[in-house]
$ cat entry-v8.cif   # mmCIF, C-alpha atoms
data_target
#
loop_
_atom_site.label_atom_id
_atom_site.label_comp_id
_atom_site.auth_asym_id
_atom_site.auth_seq_id
_atom_site.Cartn_x
_atom_site.Cartn_y
_atom_site.Cartn_z
CA MET A 1 -54.83 3.53 39.23
CA PRO A 2 -51.71 1.85 37.78
CA SER A 3 -49.17 0.71 40.31
CA GLN A 4 -45.56 1.89 40.17
CA PRO A 5 -43.06 -0.81 39.11
CA ASN A 6 -40.79 -1.85 41.95
CA ARG A 7 -36.99 -1.54 41.87
CA ILE A 8 -36.47 -5.23 41.08
CA GLU A 9 -38.80 -5.04 38.11
CA LEU A 10 -37.11 -1.87 36.82
CA ALA A 11 -33.65 -3.43 37.20
CA LEU A 12 -34.80 -6.59 35.40
CA GLU A 13 -36.30 -4.57 32.55
CA LYS A 14 -33.13 -2.49 32.24
CA PHE A 15 -31.06 -5.70 32.15
CA ILE A 16 -33.33 -7.25 29.49
CA PHE A 17 -33.17 -4.07 27.40
CA SER A 18 -29.37 -3.97 27.70
CA SER A 19 -29.13 -7.57 26.50
CA ARG A 20 -29.57 -6.30 22.94
CA TRP A 21 -25.86 -5.48 23.00
CA LEU A 22 -25.16 -9.23 22.96
CA LEU A 23 -25.97 -9.06 19.23
CA VAL A 24 -22.96 -6.85 18.48
CA PRO A 25 -20.41 -9.74 18.36
CA PHE A 26 -22.63 -11.44 15.76
CA PHE A 27 -22.54 -8.32 13.61
CA LEU A 28 -18.78 -7.99 14.06
CA GLY A 29 -18.48 -11.64 12.96
CA LEU A 30 -20.48 -10.84 9.82
CA ILE A 31 -18.08 -7.97 9.09
CA VAL A 32 -15.17 -10.42 9.43
CA GLY A 33 -17.10 -12.68 7.04
CA MET A 34 -17.22 -9.78 4.56
CA ALA A 35 -13.44 -9.44 4.84
CA VAL A 36 -13.08 -13.17 4.12
CA LEU A 37 -15.36 -12.76 1.09
CA LEU A 38 -13.16 -9.90 -0.10
CA LEU A 39 -10.15 -12.24 0.01
CA LYS A 40 -12.10 -14.86 -1.96
CA PHE A 41 -13.16 -12.16 -4.44
CA LEU A 42 -9.57 -10.97 -4.93
CA LYS A 43 -8.33 -14.56 -5.37
CA GLU A 44 -11.01 -15.23 -8.01
CA MET A 45 -10.21 -11.90 -9.71
CA GLY A 46 -6.56 -12.95 -9.88
CA LEU A 47 -7.53 -16.28 -11.45
CA LEU A 48 -9.80 -14.49 -13.94
CA ILE A 49 -7.02 -12.14 -15.02
CA GLN A 50 -4.54 -15.03 -15.34
CA GLY A 51 -7.09 -16.93 -17.42
CA VAL A 52 -7.77 -14.01 -19.73
CA LEU A 53 -4.03 -13.44 -20.21
CA GLY A 54 -3.59 -17.12 -21.05
CA VAL A 55 -1.32 -17.83 -18.10
CA ILE A 56 -3.65 -20.60 -16.84
CA GLU A 57 -6.63 -22.49 -18.20
CA HIS A 58 -9.68 -20.88 -16.61
CA ASP A 59 -13.40 -20.60 -17.42
CA THR A 60 -14.12 -16.87 -17.70
CA VAL A 61 -17.90 -17.08 -17.39
CA ILE A 62 -17.77 -19.28 -14.28
CA SER A 63 -15.20 -16.94 -12.77
CA ILE A 64 -17.37 -13.86 -13.42
CA LEU A 65 -20.42 -15.61 -11.97
CA THR A 66 -18.35 -16.45 -8.89
CA LEU A 67 -17.43 -12.75 -8.56
CA VAL A 68 -21.11 -11.76 -8.86
CA ASP A 69 -22.09 -14.41 -6.32
CA THR A 70 -19.44 -13.24 -3.86
CA ALA A 71 -20.47 -9.59 -4.27
CA LEU A 72 -24.14 -10.46 -3.70
CA ILE A 73 -23.31 -12.30 -0.50
CA ALA A 74 -21.18 -9.38 0.74
CA VAL A 75 -24.01 -6.91 0.04
CA LEU A 76 -26.44 -9.20 1.83
CA LEU A 77 -24.18 -9.28 4.89
CA LEU A 78 -23.88 -5.50 4.86
CA ILE A 79 -27.66 -5.07 4.68
CA ILE A 80 -28.08 -7.48 7.57
CA VAL A 81 -25.45 -5.72 9.70
CA PHE A 82 -26.82 -2.21 9.07
CA SER A 83 -30.49 -3.06 9.35
CA ALA A 84 -30.32 -5.47 12.25
CA TYR A 85 -28.02 -3.19 14.24
CA GLU A 86 -30.36 -0.23 13.75
CA ASN A 87 -33.50 -2.29 14.40
CA PHE A 88 -32.34 -4.25 17.41
CA VAL A 89 -29.35 -2.54 19.02
CA SER A 90 -28.96 1.19 18.45
CA LYS A 91 -29.33 3.83 15.77
CA LEU A 92 -26.10 4.57 13.91
CA SER A 93 -25.00 8.09 14.81
CA ILE A 94 -23.67 9.15 11.44
CA GLY A 95 -26.12 11.99 10.90
CA ASP A 96 -26.87 12.97 7.33
CA HIS A 97 -23.58 11.71 5.94
CA GLU A 98 -23.59 12.02 2.14
CA ASP A 99 -22.81 8.30 1.74
CA ARG A 100 -25.58 7.11 4.07
CA PRO A 101 -27.70 4.62 2.10
CA ALA A 102 -31.22 5.97 1.46
CA TRP A 103 -32.84 2.81 2.89
CA MET A 104 -30.87 2.91 6.15
CA GLY A 105 -33.09 3.54 9.15
CA LYS A 106 -36.19 2.75 7.10
CA VAL A 107 -35.83 -1.01 6.74
CA GLY A 108 -38.02 -2.79 9.26
CA PHE A 109 -37.92 -6.46 10.18
CA SER A 110 -40.39 -7.37 7.43
CA ASP A 111 -38.38 -5.43 4.83
CA LEU A 112 -35.17 -7.02 6.04
CA LYS A 113 -36.73 -10.47 5.73
CA MET A 114 -37.79 -9.72 2.14
CA LYS A 115 -34.35 -8.32 1.22
CA LEU A 116 -32.77 -11.43 2.74
CA ILE A 117 -34.97 -13.91 0.85
CA GLY A 118 -34.57 -11.88 -2.37
CA ALA A 119 -30.79 -11.99 -2.06
CA ILE A 120 -30.85 -15.71 -1.27
CA VAL A 121 -32.95 -16.37 -4.39
CA ALA A 122 -30.54 -14.28 -6.49
CA ILE A 123 -27.51 -16.09 -5.05
CA SER A 124 -29.21 -19.44 -5.62
CA ALA A 125 -29.97 -18.46 -9.24
CA VAL A 126 -26.32 -17.58 -9.86
CA GLU A 127 -25.22 -20.88 -8.31
CA LEU A 128 -27.75 -22.77 -10.46
CA LEU A 129 -26.50 -21.02 -13.60
CA LYS A 130 -22.93 -21.97 -12.68
CA ALA A 131 -24.06 -25.56 -12.16
CA PHE A 132 -25.64 -25.67 -15.63
CA LEU A 133 -22.49 -24.27 -17.18
CA ILE A 134 -20.43 -27.07 -15.64
CA SER A 135 -23.21 -29.64 -15.91
CA THR A 136 -20.91 -32.16 -17.60
CA SER A 137 -19.13 -32.62 -14.27
CA LEU A 138 -22.39 -33.01 -12.29
CA THR A 139 -24.74 -35.96 -12.24
CA SER A 140 -28.39 -35.49 -13.18
CA GLU A 141 -29.21 -36.26 -9.53
CA GLN A 142 -27.02 -33.37 -8.37
CA LEU A 143 -28.61 -31.01 -10.90
CA LYS A 144 -32.09 -32.06 -9.80
CA TRP A 145 -31.20 -31.29 -6.18
CA LYS A 146 -29.83 -27.88 -7.14
CA ILE A 147 -33.03 -27.10 -9.06
CA ALA A 148 -35.20 -28.35 -6.19
CA ILE A 149 -33.30 -26.24 -3.66
CA HIS A 150 -33.57 -23.16 -5.88
CA LEU A 151 -37.30 -23.68 -6.39
CA THR A 152 -37.68 -24.08 -2.63
CA PHE A 153 -36.03 -20.68 -2.13
CA VAL A 154 -38.27 -19.12 -4.80
CA LEU A 155 -41.40 -20.64 -3.27
CA SER A 156 -40.33 -19.55 0.22
CA GLY A 157 -39.82 -16.01 -1.06
CA LEU A 158 -43.28 -15.99 -2.62
CA LEU A 159 -44.84 -17.32 0.58
CA PHE A 160 -43.02 -14.72 2.70
CA ALA A 161 -44.18 -11.96 0.33
CA MET A 162 -47.75 -13.27 0.42
CA ALA A 163 -47.70 -13.47 4.22
CA ASP A 164 -46.43 -9.89 4.46
CA TRP A 165 -49.07 -8.72 1.98
CA ILE A 166 -51.84 -10.44 3.96
CA SER A 167 -50.49 -8.94 7.18
CA GLU A 168 -50.50 -5.45 5.64
CA GLN A 169 -54.06 -5.93 4.35
CA ARG A 170 -55.28 -6.72 7.88
CA LYS A 171 -53.92 -3.44 9.29
#
$ encode --input "entry-v8.cif" --output "structure tokens"
Amino acid sequence: MPSQPNRIELALEKFIFSSRWLLVPFFLGLIVGMAVLLLKFLKEMGLLIQGVLGVIEHDTVISILTLVDTALIAVLLLIIVFSAYENFVSKLSIGDHEDRPAWMGKVGFSDLKMKLIGAIVAISAVELLKAFLISTSLTSEQLKWKIAIHLTFVLSGLLFAMADWISEQRK
């Protein structure tokens, strides 16, 4: 016959469970990070417009890639905030709001990990493309490091995907 947990054990478990709320400041910090990225995005957009109008000398393609890169990072932060909050802290009480993303509430830790590594690989690819476009200002050593880092991200993504696939096959 199972024994009843004592009051100390129940209080400890309640305290441990409540500790999940310590994650909220991290998520709020990521939202502040998104606001900072918005400022960077707007600054780059201003430079792009000035370059197109001929007000300043500016590389349009690099500027657009920077905008794409910034947007990808912002989306990644949003996915992390939504998913991690719902997985580890509390469900968002927004009901069936028409703008609720379809994936929200359905992304588990494994899915979040794959979305994260996928976004990192995409961001790394954009950065690598930017590096090749300005390769005259980079040494071959710097380019090699950028390629090696990108390939490391790609390989890590493949290994994570393979590990998840193997884990699913064992279930």
$ resolve_selection --input "entry-v8.cif" --expression "the PyMOL selection byres ((chain A and resi 74) around 12)" --output "PDB file with C-alpha atoms, in the frame of the given file"
ATOM      1  CA  LEU A  30     -20.480 -10.840   9.820  1.00  0.00           C
ATOM      2  CA  ILE A  31     -18.080  -7.970   9.090  1.00  0.00           C
ATOM      3  CA  VAL A  32     -15.170 -10.420   9.430  1.00  0.00           C
ATOM      4  CA  GLY A  33     -17.100 -12.680   7.040  1.00  0.00           C
ATOM      5  CA  MET A  34     -17.220  -9.780   4.560  1.00  0.00           C
ATOM      6  CA  ALA A  35     -13.440  -9.440   4.840  1.00  0.00           C
ATOM      7  CA  VAL A  36     -13.080 -13.170   4.120  1.00  0.00           C
ATOM      8  CA  LEU A  37     -15.360 -12.760   1.090  1.00  0.00           C
ATOM      9  CA  LEU A  38     -13.160  -9.900  -0.100  1.00  0.00           C
ATOM     10  CA  LEU A  39     -10.150 -12.240   0.010  1.00  0.00           C
ATOM     11  CA  LYS A  40     -12.100 -14.860  -1.960  1.00  0.00           C
ATOM     12  CA  PHE A  41     -13.160 -12.160  -4.440  1.00  0.00           C
ATOM     13  CA  LEU A  67     -17.430 -12.750  -8.560  1.00  0.00           C
ATOM     14  CA  VAL A  68     -21.110 -11.760  -8.860  1.00  0.00           C
ATOM     15  CA  ASP A  69     -22.090 -14.410  -6.320  1.00  0.00           C
ATOM     16  CA  THR A  70     -19.440 -13.240  -3.860  1.00  0.00           C
ATOM     17  CA  ALA A  71     -20.470  -9.590  -4.270  1.00  0.00           C
ATOM     18  CA  LEU A  72     -24.140 -10.460  -3.700  1.00  0.00           C
ATOM     19  CA  ILE A  73     -23.310 -12.300  -0.500  1.00  0.00           C
ATOM     20  CA  VAL A  75     -24.010  -6.910   0.040  1.00  0.00           C
ATOM     21  CA  LEU A  76     -26.440  -9.200   1.830  1.00  0.00           C
ATOM     22  CA  LEU A  77     -24.180  -9.280   4.890  1.00  0.00           C
ATOM     23  CA  LEU A  78     -23.880  -5.500   4.860  1.00  0.00           C
ATOM     24  CA  ILE A  79     -27.660  -5.070   4.680  1.00  0.00           C
ATOM     25  CA  ILE A  80     -28.080  -7.480   7.570  1.00  0.00           C
ATOM     26  CA  VAL A  81     -25.450  -5.720   9.700  1.00  0.00           C
ATOM     27  CA  LEU A 116     -32.770 -11.430   2.740  1.00  0.00           C
ATOM     28  CA  ALA A 119     -30.790 -11.990  -2.060  1.00  0.00           C
ATOM     29  CA  ILE A 120     -30.850 -15.710  -1.270  1.00  0.00           C
ATOM     30  CA  ILE A 123     -27.510 -16.090  -5.050  1.00  0.00           C
TER      31      ILE A 123
END
$ atom_distance --input "entry-v8.cif" --atom1 "CA of Ser3 in chain A" --atom2 "CA of Phe15 in chain A"
20.9 Å
$ resolve_selection --input "entry-v8.cif" --expression "the PyMOL selection byres ((chain A and resi 89) around 12)" --output "list in words"
Phe17, Ser18, Ser19, Arg20, Trp21, Leu22, Leu23, Val24, Pro25, Phe26, Phe27, Val81, Phe82, Ser83, Ala84, Tyr85, Glu86, Asn87, Phe88, Ser90, Lys91 and Leu92 of chain A
$ atom_distance --input "entry-v8.cif" --atom1 "CA of Thr152 in chain A" --atom2 "CA of Glu127 in chain A"
14.1 Å
$ atom_distance --input "entry-v8.cif" --atom1 "CA of Ile117 in chain A" --atom2 "CA of His150 in chain A"
11.5 Å
$ residues_around --input "entry-v8.cif" --residues "Lys146 in chain A" --least-positions-apart "5" --cutoff "9 Å" --atoms "all atoms listed in the file" --output "ChimeraX atom specification"
/A:124,127-128,131,141,151
$ closest_residue --input "entry-v8.cif" --among "A:Ala11, A:Ser63, A:Ala161, A:Ser140" --to "Gln50 in chain A" --atoms "all atoms listed in the file"
A:Ser63
$ residues_around --input "entry-v8.cif" --residues "Leu158 in chain A" --least-positions-apart "3" --cutoff "12 Å" --atoms "only C-alpha atoms" --output "PyMOL selection string"
chain A and resi 113-114+117-118+121+151-155+161-165
$ axis_aligned_box --input "entry-v8.cif" --around "range 72-79 of chain A" --padding-each-side "8 Å" --output "AutoDock Vina command-line options"
--center_x -24.4 --center_y -8.7 --center_z 0.6 --size_x 22.5 --size_y 23.2 --size_z 24.6
$ closest_residue --input "entry-v8.cif" --among "A:Thr60, A:Gly108, A:Gly157, A:His97" --to "Lys130 in chain A" --atoms "all atoms listed in the file"
A:Thr60
